[in-house]
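Student: Got a file for you: final.txt, compact mmCIF, C-alpha atoms.
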```
# COMPACT_ATOMS: atom_id res chain seq x y z
CA MET V 1 110.66 105.50 103.86
CA LYS V 2 111.52 108.86 102.31
CA CYS V 3 109.25 111.80 101.59
CA ARG V 4 108.38 111.93 97.89
CA VAL V 5 109.01 115.66 97.81
CA CYS V 6 112.07 116.39 99.99
CA ARG V 7 113.55 112.90 100.60
CA GLY V 8 113.43 113.54 104.36
CA SER V 9 112.02 110.91 106.73
CA ALA V 10 108.42 110.07 105.93
CA VAL V 11 105.76 109.95 108.65
CA ILE V 12 102.98 108.50 106.50
CA ASP V 13 102.71 106.16 103.54
CA LEU V 14 99.75 106.46 101.17
CA LYS V 15 99.52 103.20 99.31
CA ARG V 16 96.77 104.35 96.92
CA HIS V 17 99.04 107.17 95.74
CA ASN V 18 102.19 105.02 95.95
CA ALA V 19 103.69 107.93 97.89
CA ASN V 20 105.20 108.75 101.28
CA PHE V 21 105.37 112.19 102.88
CA CYS V 22 107.08 114.02 105.73
CA GLY V 23 104.75 116.07 107.94
CA GLU V 24 105.22 119.38 106.13
CA HIS V 25 104.66 117.94 102.66
CA PHE V 26 101.74 115.80 103.79
CA LEU V 27 99.92 118.93 104.97
CA ARG V 28 100.68 120.56 101.62
CA PHE V 29 99.40 117.43 99.83
CA CYS V 30 96.09 117.68 101.76
CA HIS V 31 95.73 121.36 100.88
CA GLN V 32 96.34 120.53 97.21
CA GLN V 33 93.76 117.73 97.24
CA VAL V 34 91.13 120.10 98.67
CA GLU V 35 92.02 122.80 96.13
CA LYS V 36 91.68 120.21 93.39
CA ALA V 37 88.26 119.05 94.64
CA ILE V 38 87.02 122.65 94.93
CA SER V 39 88.14 123.40 91.40
CA GLU V 40 87.01 120.09 89.84
CA PHE V 41 83.48 120.35 91.22
CA ASP V 42 83.21 124.16 91.21
CA MET V 43 82.48 124.20 94.97
CA CYS V 44 83.28 127.75 95.99
CA GLU V 45 85.35 130.79 95.14
CA PRO V 46 87.49 133.19 97.16
CA GLY V 47 85.15 135.84 98.52
CA ASP V 48 82.28 133.40 99.12
CA LYS V 49 80.82 133.52 102.61
CA VAL V 50 81.50 129.98 103.86
CA LEU V 51 79.96 128.12 106.80
CA VAL V 52 81.62 124.90 107.97
CA ALA V 53 79.55 122.36 109.91
CA VAL V 54 81.85 121.20 112.71
CA SER V 55 81.27 118.28 115.05
CA GLY V 56 84.52 118.39 117.01
CA GLY V 57 85.74 115.33 115.09
CA LYS V 58 88.78 115.06 112.84
CA ASP V 59 87.16 115.62 109.44
CA SER V 60 85.22 118.79 110.14
CA LEU V 61 88.03 120.44 112.10
CA ALA V 62 90.53 119.47 109.39
CA VAL V 63 88.42 120.91 106.57
CA TRP V 64 87.88 124.12 108.56
CA ASP V 65 91.64 124.40 109.09
CA ILE V 66 92.42 123.68 105.44
CA LEU V 67 89.90 126.21 104.10
CA ASN V 68 91.31 128.91 106.34
CA ASN V 69 94.84 127.99 105.24
CA LEU V 70 93.71 128.30 101.62
CA GLY V 71 92.46 131.83 102.29
CA TYR V 72 88.72 131.28 102.62
CA GLU V 73 86.91 133.25 105.28
CA ALA V 74 85.10 130.32 106.83
CA ASP V 75 82.98 130.43 109.98
CA GLY V 76 81.93 127.33 111.95
CA LEU V 77 78.62 125.92 113.13
CA TYR V 78 78.43 123.42 115.99
CA ILE V 79 75.14 121.67 116.85
CA GLY V 80 74.63 120.26 120.34
CA LEU V 81 72.58 117.10 119.81
CA GLY V 82 71.92 116.17 123.43
CA ILE V 83 73.70 112.81 123.23
CA ASP V 84 74.79 111.86 126.76
CA ASP V 85 78.52 112.04 127.53
CA TYR V 86 79.29 112.70 123.87
CA SER V 87 77.79 115.99 122.71
CA ASP V 88 79.29 118.23 125.39
CA PRO V 89 82.90 116.98 125.05
CA SER V 90 82.61 117.15 121.24
CA GLY V 91 81.46 120.74 121.53
CA GLU V 92 84.46 121.58 123.71
CA PHE V 93 86.85 120.47 120.94
CA ALA V 94 85.03 122.64 118.40
CA LYS V 95 85.00 125.64 120.74
CA ALA V 96 88.69 125.24 121.64
CA PHE V 97 89.65 125.00 117.96
CA ALA V 98 87.74 128.20 117.16
CA SER V 99 89.00 130.07 120.19
CA GLU V 100 92.67 129.20 119.62
CA ARG V 101 92.48 130.41 116.01
CA ASP V 102 90.16 133.36 116.63
CA LEU V 103 87.48 131.95 114.32
CA LYS V 104 83.75 132.60 114.56
CA LEU V 105 81.71 129.62 115.80
CA THR V 106 77.91 129.60 116.00
CA VAL V 107 76.52 127.11 118.53
CA VAL V 108 72.97 125.71 118.31
CA ASP V 109 71.69 123.42 121.05
CA ILE V 110 68.67 121.42 119.90
CA VAL V 111 67.43 120.79 123.43
CA GLU V 112 67.36 124.53 124.18
CA GLU V 113 66.05 125.66 120.79
CA TYR V 114 63.77 122.83 119.69
CA GLY V 115 62.94 121.02 122.92
CA TYR V 116 64.15 117.52 122.03
CA ASP V 117 67.40 115.55 121.82
CA VAL V 118 68.58 112.98 119.29
CA PRO V 119 68.07 109.88 121.49
CA ASN V 120 64.45 110.88 122.29
CA GLY V 121 63.82 112.20 118.79
CA SER V 122 64.90 108.97 117.15
CA ARG V 123 62.76 106.90 119.50
CA ALA V 124 59.71 109.13 119.06
CA ALA V 125 60.02 109.23 115.29
CA ARG V 126 60.92 105.52 115.11
CA ARG V 127 63.98 106.37 113.08
CA ALA V 128 67.51 104.99 113.45
CA PRO V 129 69.54 107.39 115.63
CA CYS V 130 71.92 108.28 112.77
CA SER V 131 68.94 109.02 110.52
CA ALA V 132 67.28 111.32 113.08
CA CYS V 133 70.62 112.96 113.83
CA GLY V 134 71.50 113.55 110.15
CA MET V 135 68.07 114.96 109.40
CA SER V 136 68.21 117.31 112.40
CA LYS V 137 71.66 118.55 111.46
CA ARG V 138 70.76 119.15 107.81
CA HIS V 139 67.75 121.21 108.82
CA ILE V 140 69.77 123.37 111.21
CA PHE V 141 72.63 123.74 108.69
CA ASP V 142 70.09 125.22 106.27
CA ARG V 143 68.55 127.49 108.86
CA VAL V 144 71.81 128.93 110.18
CA ALA V 145 73.31 129.28 106.68
CA LEU V 146 70.22 131.12 105.54
CA GLU V 147 70.00 133.40 108.57
CA GLY V 148 73.71 134.21 108.35
CA GLY V 149 73.65 134.94 104.62
CA TYR V 150 76.20 132.26 103.79
CA ASP V 151 76.83 131.32 100.13
CA VAL V 152 78.20 127.86 100.82
CA LEU V 153 77.80 125.24 103.51
CA VAL V 154 80.79 122.90 103.90
CA THR V 155 80.63 119.46 105.52
CA GLY V 156 83.54 117.20 106.42
CA HIS V 157 82.39 114.13 104.49
CA ASN V 158 85.50 112.36 103.24
CA LEU V 159 86.21 109.74 100.59
CA ASP V 160 85.41 106.86 102.98
CA ASP V 161 82.07 108.41 103.92
CA GLU V 162 81.08 108.89 100.30
CA ALA V 163 82.32 105.46 99.19
CA ALA V 164 80.37 103.82 102.05
CA VAL V 165 77.17 105.69 101.15
CA LEU V 166 77.63 104.74 97.49
CA PHE V 167 78.25 101.13 98.49
CA GLY V 168 74.98 101.08 100.46
CA ASN V 169 73.05 102.78 97.67
CA VAL V 170 74.33 100.29 95.09
CA LEU V 171 73.84 97.32 97.39
CA HIS V 172 70.13 98.17 97.61
CA TRP V 173 69.86 99.88 94.20
CA GLN V 174 68.44 103.03 95.74
CA THR V 175 68.30 104.95 92.50
CA ASP V 176 66.80 108.09 94.05
CA TYR V 177 69.74 108.30 96.45
CA LEU V 178 72.19 107.54 93.64
CA ALA V 179 70.70 110.46 91.73
CA ARG V 180 71.44 112.79 94.62
CA GLN V 181 74.95 111.59 95.48
CA HIS V 182 77.40 114.28 94.44
CA PRO V 183 80.06 116.42 96.20
CA VAL V 184 77.96 119.52 95.41
CA LEU V 185 74.27 120.02 96.10
CA PRO V 186 73.24 123.15 94.18
CA ALA V 187 71.59 126.12 95.85
CA ARG V 188 67.80 125.86 95.80
CA ASN V 189 64.72 127.55 97.30
CA GLY V 190 66.87 130.18 98.93
CA LEU V 191 69.19 127.64 100.55
CA PRO V 192 72.97 127.74 100.02
CA ARG V 193 75.11 125.39 97.98
CA LYS V 194 76.34 122.39 100.02
CA VAL V 195 79.80 121.06 99.28
CA LYS V 196 82.16 118.30 100.43
CA PRO V 197 85.75 119.41 99.84
CA LEU V 198 87.29 116.26 101.43
CA VAL V 199 86.08 113.81 98.77
CA ARG V 200 89.66 113.30 97.55
CA LEU V 201 90.99 112.48 101.05
CA ASP V 202 90.26 109.44 103.20
CA GLU V 203 89.69 109.06 106.92
CA ARG V 204 93.21 107.93 107.73
CA GLU V 205 94.58 110.95 105.90
CA MET V 206 92.28 113.29 107.83
CA ALA V 207 93.27 111.81 111.18
CA ALA V 208 96.94 112.12 110.16
CA TYR V 209 96.34 115.73 109.12
CA CYS V 210 95.03 116.53 112.61
CA VAL V 211 97.92 114.77 114.36
CA ILE V 212 100.53 116.54 112.24
CA ALA V 213 98.83 119.95 112.34
CA GLY V 214 98.35 119.74 116.12
CA ILE V 215 94.55 119.74 116.00
CA ASP V 216 92.94 118.14 119.06
CA TYR V 217 89.77 116.35 118.10
CA MET V 218 87.14 114.10 119.68
CA LEU V 219 88.60 110.60 119.54
CA ASP V 220 85.65 108.79 121.04
CA GLU V 221 83.05 107.53 118.65
CA CYS V 222 79.41 108.55 118.97
CA PRO V 223 77.76 105.85 121.14
CA MET V 224 74.65 105.94 118.97
CA ALA V 225 76.64 105.13 115.81
CA ALA V 226 78.10 101.88 117.19
CA GLY V 227 77.42 99.00 114.83
CA ASN V 228 75.63 101.09 112.22
CA LYS V 229 75.57 99.94 108.61
CA HIS V 230 78.03 102.57 107.40
CA LEU V 231 80.68 101.20 109.73
CA ARG V 232 80.12 97.75 108.24
CA TYR V 233 80.35 99.13 104.71
CA LYS V 234 83.56 100.98 105.58
CA ASP V 235 85.04 97.83 107.05
CA ALA V 236 84.19 95.88 103.89
CA LEU V 237 85.65 98.58 101.65
CA ASN V 238 88.84 98.80 103.73
CA SER V 239 89.33 95.04 103.35
CA ILE V 240 89.18 95.52 99.59
CA GLU V 241 91.43 98.60 99.83
CA ALA V 242 94.10 96.66 101.76
CA ALA V 243 94.28 94.06 98.99
CA SER V 244 93.90 96.56 96.16
CA PRO V 245 94.97 100.12 97.09
CA GLY V 246 93.02 102.81 95.24
CA SER V 247 89.79 100.80 95.07
CA LYS V 248 87.74 103.24 97.18
CA GLN V 249 88.85 106.23 95.14
CA ALA V 250 88.11 104.45 91.86
CA PHE V 251 84.71 103.25 93.13
CA PHE V 252 83.51 106.73 94.12
CA HIS V 253 85.20 108.99 91.60
CA LYS V 254 84.46 106.73 88.63
CA PHE V 255 80.84 106.66 89.77
CA LEU V 256 80.86 110.46 89.54
CA SER V 257 82.45 110.53 86.10
CA GLN V 258 80.89 107.45 84.53
CA GLY V 259 77.90 106.33 86.60
CA ALA V 260 76.22 109.52 87.86
CA PRO V 261 75.32 110.85 84.37
CA PHE V 262 72.88 107.92 84.03
CA PHE V 263 70.96 109.32 87.01
CA ALA V 264 70.99 112.99 85.97
CA GLU V 265 67.38 113.01 84.75
CA ALA V 266 66.12 111.44 87.99
CA ALA V 267 68.12 114.00 89.98
CA GLN V 268 66.40 116.87 88.15
CA GLU V 269 62.96 115.31 88.70
CA LEU V 270 63.69 115.06 92.43
CA ARG V 271 64.62 118.76 92.54
CA ASP V 272 61.48 119.72 90.58
CA GLU V 273 59.23 117.80 92.98
CA LEU V 274 60.19 119.88 96.02
CA GLY V 275 57.66 122.24 97.59
CA SER V 276 57.82 124.04 100.95
CA CYS V 277 57.02 122.65 104.39
CA GLU V 278 53.81 124.21 105.76
CA THR V 279 55.32 124.40 109.25
CA CYS V 280 58.86 125.66 108.74
CA GLY V 281 59.14 126.56 105.04
CA SER V 282 61.99 124.18 104.26
CA PRO V 283 62.09 122.36 100.89
CA THR V 284 60.22 119.04 101.02
CA PRO V 285 58.25 116.77 98.68
CA ASN V 286 55.53 116.52 101.41
CA GLN V 287 53.18 118.99 103.14
CA ILE V 288 55.17 118.76 106.37
CA CYS V 289 58.91 118.06 106.20
CA ALA V 290 60.43 115.04 107.93
CA PHE V 291 62.23 117.26 110.44
CA CYS V 292 59.03 118.99 111.63
CA ARG V 293 57.31 115.60 111.91
CA LEU V 294 60.18 114.36 114.08
CA VAL V 295 60.10 117.46 116.30
CA GLU V 296 56.35 117.16 116.74
CA ARG V 297 56.49 113.47 117.65
CA ALA V 298 59.33 114.12 120.09
CA GLY V 299 57.25 116.78 121.84
CA GLY V 300 59.45 119.69 120.72
CA ARG V 301 58.67 122.94 118.92
CA PRO V 302 59.49 123.70 115.25
CA VAL V 303 61.36 126.92 114.43
CA PRO V 304 60.26 128.55 111.15
CA VAL V 305 62.83 129.03 108.42
CA GLN V 306 62.31 132.26 106.47
CA LEU V 307 63.22 131.48 102.89
CA THR V 308 64.39 134.25 100.63
CA ALA V 309 65.22 134.17 96.93
CA ARG V 310 68.84 133.29 96.22
CA PRO V 311 70.27 133.04 92.69
CA LEU V 312 71.03 129.45 91.68
CA MET A 1 106.41 97.12 123.78
CA LYS A 2 103.40 98.79 125.34
CA ILE A 3 100.46 99.12 122.98
CA GLU A 4 97.46 101.38 123.54
CA LEU A 5 94.56 100.73 121.21
CA ARG A 6 91.99 103.50 120.90
CA ASN A 7 88.27 103.20 120.21
CA PRO A 8 87.66 101.32 122.34
CA THR A 9 90.63 102.03 124.63
CA ARG A 10 92.61 99.04 125.86
CA THR A 11 96.28 98.29 126.51
CA LEU A 12 98.46 95.35 125.58
CA GLU A 13 102.06 94.26 126.08
CA ILE A 14 103.72 92.72 123.02
CA PRO A 15 107.25 91.31 123.51
CA GLY A 16 110.05 92.03 121.02
CA ALA A 17 110.97 94.69 118.46
CA MET A 18 109.26 94.62 115.05
CA SER A 19 108.04 96.75 112.15
CA VAL A 20 104.70 98.60 112.31
CA GLN A 21 103.29 96.36 109.56
CA LYS A 22 104.32 93.21 111.43
CA LEU A 23 102.71 94.53 114.61
CA LEU A 24 99.48 95.31 112.76
CA ASN A 25 99.49 91.84 111.17
CA LYS A 26 100.06 90.27 114.58
CA LEU A 27 97.07 92.14 115.97
CA ASP A 28 95.01 91.48 112.82
CA VAL A 29 94.49 95.22 112.30
CA ASN A 30 93.94 96.67 108.81
CA SER A 31 96.51 99.41 108.17
CA ALA A 32 93.90 101.39 106.17
CA SER A 33 91.83 101.79 109.35
CA VAL A 34 94.43 103.08 111.81
CA LEU A 35 97.23 105.52 112.51
CA VAL A 36 100.26 104.34 114.44
CA ILE A 37 101.84 106.86 116.80
CA CYS A 38 105.12 105.95 118.52
CA ASP A 39 106.33 108.08 121.42
CA GLY A 40 104.02 110.87 120.27
CA THR A 41 105.12 110.83 116.61
CA LEU A 42 103.22 109.48 113.60
CA VAL A 43 105.12 106.59 111.97
CA PRO A 44 104.75 104.84 108.56
CA THR A 45 104.15 101.12 108.19
CA ASP A 46 107.82 100.26 107.55
CA ALA A 47 109.02 102.01 110.74
CA PHE A 48 110.83 99.73 113.20
CA LEU A 49 109.49 99.73 116.74
CA GLN A 50 111.91 99.00 119.59
CA ASP A 51 111.05 96.58 122.35
CA ASP A 52 110.59 99.42 124.85
CA ALA A 53 108.48 101.62 122.55
CA VAL A 54 105.16 103.08 123.68
CA VAL A 55 102.78 102.77 120.73
CA GLU A 56 99.28 104.11 120.16
CA ILE A 57 97.16 102.42 117.50
CA ARG A 58 94.37 104.87 116.77
CA ASN A 59 91.25 103.77 114.94
CA VAL A 60 90.30 106.42 112.37
CA ILE A 61 86.95 105.08 111.20
CA SER A 62 83.92 107.16 112.16
CA GLY A 63 80.35 105.93 112.06
CA GLY A 64 78.61 109.05 110.86
CA ALA A 65 78.14 109.49 107.14
CA GLY A 66 75.68 112.26 106.48
```
Translate this file's structure into structure tokens.

Tutor:
Amino acid sequence: MKCRVCRGSAVIDLKRHNANFCGEHFLRFCHQQVEKAISEFDMCEPGDKVLVAVSGGKDSLAVWDILNNLGYEADGLYIGLGIDDYSDPSGEFAKAFASERDLKLTVVDIVEEYGYDVPNGSRAARRAPCSACGMSKRHIFDRVALEGGYDVLVTGHNLDDEAAVLFGNVLHWQTDYLARQHPVLPARNGLPRKVKPLVRLDEREMAAYCVIAGIDYMLDECPMAAGNKHLRYKDALNSIEAASPGSKQAFFHKFLSQGAPFFAEAAQELRDELGSCETCGSPTPNQICAFCRLVERAGGRPVPVQLTARPL
Amino acid sequence: MKIELRNPTRTLEIPGAMSVQKLLNKLDVNSASVLVICDGTLVPTDAFLQDDAVVEIRNVISGGAG
């Protein structure tokens, strides 16, 4: 196989693009796809203060690397979740990445700061581990972004992640979730815009990016995620993708262009319904937000979030 | 050739030289879900693997999604 750009030896074939690339031109392709996503969905601009949520895995480290290569001044945030034999090694990859590139990384450990860990929190709140973990991370993303004065919070969700979530939402016709599914969550109640610049790149491409760019990442999978429904959805979608390359991209991106407008009114109603949590001040449709309820049940201590006005 | 599969980690010996795609078919592995790394270098699905190659088949699918 030859590289589509330089005709040198290819190291990766992308069937959905009917294209092959050498290492150098594959990295450039990834940068271009992120630039395109940022521009298409109006995610951020040069000069924005950007915070990247990093887990030590391939996607978050890749997006941090790409944003810095594109000229954004992006800092990182790593959250220690207290998951045995997984959280500490993951954190080491994030710290090594930041240290080698002289990037700023903020570290928050939920056991130290909130007094609970994800395994205990999920049991106490009777939530699936991935649900308790995601909720905890989103709350801390907001808090750190707010305290640090960041304009934009970036997560490493890729095309496979978004297609799998969409698949689950359609499978169960969860119209409220469909209304919220978009690569950009606008700023609200003082919280920053949240964006997903990897929505044009899939998981295999992100892993290849890390291998080619020399980024060491956490290869082991989170033990608490084993067998979760998103893995099953991804498996199903990859079976379709193998038979019909481009299916995942069409499924997600045509939802955005052709399906999402049908849910726009519901999305606005959801935003209008949000008040502030009486305990921490975070946006919530309830008196007490789900995060504070989880912390309380797990025997931890909530940390107030001081909301300030931020232009939408 | 010596095959190391990651996530979970296990090793296999497969006799004979063959293409990456043929190896993946033989192992019933979906090429959309893995990277193939031969002697430390990423290789495309049409690459030909020698009988004495050391090959890593790395799963790229993560469970977390928000």

Student: Kindly determine which residues of chain V lie within 9 Å of chain A, considering all atoms listed in the file, and give the answer as a PyMOL selection string.

Tutor: chain V and resi 1+10-13+20+23+57-58+130-131+133-135+137-138+155+157-158+160-162+164-165+203-208+211-212+219-222+224-231+234-235+238-239+241-242

Student: In Å, with one decimal, what is the gap from CA of Phe21 (chain V) to CA of Gln33 (chain V)?

Tutor: 14.0 Å

Student: State, in Å with one decimal place, the distance from CA of His31 (chain V) to CA of Tyr150 (chain V).

Tutor: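 Between CA of His31 (chain V) and CA of Tyr150 (chain V) the gap is 22.6 Å.
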
Student: For each of V:Leu171, V:Val154, V:Cys289, V:Leu166, take the minimum atom-to-atom distance to Gly76 (chain V), counting only C-alpha atoms, then give the residue where this is smallest.

Tutor: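 Nearest candidate to Gly76 (chain V) out of V:Leu171, V:Val154, V:Cys289, V:Leu166: V:Val154.
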
Student: Using only C-alpha atoms, which of the listed residues (V:Ile215, V:Ile240, V:Ala145, V:Leu27) sits closest to Ala187 (chain V)?

Tutor: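 Among the listed residues, V:Ala145 lies closest to Ala187 (chain V).
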
Student: Could N, CA and C atoms be built for region 44-60 of chain A and written out as an mmCIF file, keeping the file's coordinate frame?

Tutor:
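Printed below is selection39.cif as written:
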```cif
data_model
loop_
_atom_site.group_PDB
_atom_site.id
_atom_site.type_symbol
_atom_site.label_atom_id
_atom_site.label_comp_id
_atom_site.auth_asym_id
_atom_site.auth_seq_id
_atom_site.Cartn_x
_atom_site.Cartn_y
_atom_site.Cartn_z
ATOM 1 N N PRO A 44 105.261 105.619 109.703
ATOM 2 C CA PRO A 44 104.750 104.840 108.560
ATOM 3 C C PRO A 44 104.848 103.348 108.827
ATOM 4 N N THR A 45 104.260 102.554 107.927
ATOM 5 C CA THR A 45 104.150 101.120 108.190
ATOM 6 C C THR A 45 105.492 100.378 108.164
ATOM 7 N N ASP A 46 106.521 100.964 107.559
ATOM 8 C CA ASP A 46 107.820 100.260 107.550
ATOM 9 C C ASP A 46 108.694 100.667 108.732
ATOM 10 N N ALA A 47 108.205 101.579 109.590
ATOM 11 C CA ALA A 47 109.020 102.010 110.740
ATOM 12 C C ALA A 47 109.277 100.823 111.666
ATOM 13 N N PHE A 48 110.465 100.833 112.299
ATOM 14 C CA PHE A 48 110.830 99.730 113.200
ATOM 15 C C PHE A 48 110.603 100.180 114.632
ATOM 16 N N LEU A 49 109.844 99.384 115.359
ATOM 17 C CA LEU A 49 109.490 99.730 116.740
ATOM 18 C C LEU A 49 110.368 98.942 117.702
ATOM 19 N N GLN A 50 111.026 99.663 118.619
ATOM 20 C CA GLN A 50 111.910 99.000 119.590
ATOM 21 C C GLN A 50 111.078 98.287 120.662
ATOM 22 N N ASP A 51 111.722 97.388 121.335
ATOM 23 C CA ASP A 51 111.050 96.580 122.350
ATOM 24 C C ASP A 51 110.442 97.424 123.472
ATOM 25 N N ASP A 52 111.086 98.588 123.746
ATOM 26 C CA ASP A 52 110.590 99.420 124.850
ATOM 27 C C ASP A 52 109.713 100.576 124.367
ATOM 28 N N ALA A 53 109.286 100.521 123.102
ATOM 29 C CA ALA A 53 108.480 101.620 122.550
ATOM 30 C C ALA A 53 107.088 101.670 123.200
ATOM 31 N N VAL A 54 106.548 102.888 123.256
ATOM 32 C CA VAL A 54 105.160 103.080 123.680
ATOM 33 C C VAL A 54 104.387 103.472 122.422
ATOM 34 N N VAL A 55 103.425 102.627 122.038
ATOM 35 C CA VAL A 55 102.780 102.770 120.730
ATOM 36 C C VAL A 55 101.274 102.932 120.889
ATOM 37 N N GLU A 56 100.736 103.942 120.201
ATOM 38 C CA GLU A 56 99.280 104.110 120.160
ATOM 39 C C GLU A 56 98.785 103.675 118.781
ATOM 40 N N ILE A 57 97.809 102.796 118.763
ATOM 41 C CA ILE A 57 97.160 102.420 117.500
ATOM 42 C C ILE A 57 95.770 103.028 117.541
ATOM 43 N N ARG A 58 95.589 104.048 116.702
ATOM 44 C CA ARG A 58 94.370 104.870 116.770
ATOM 45 C C ARG A 58 93.425 104.534 115.614
ATOM 46 N N ASN A 59 92.261 104.029 115.965
ATOM 47 C CA ASN A 59 91.250 103.770 114.940
ATOM 48 C C ASN A 59 90.803 105.098 114.328
ATOM 49 N N VAL A 60 90.677 105.144 113.011
ATOM 50 C CA VAL A 60 90.300 106.420 112.370
ATOM 51 C C VAL A 60 88.933 106.352 111.709
#
```
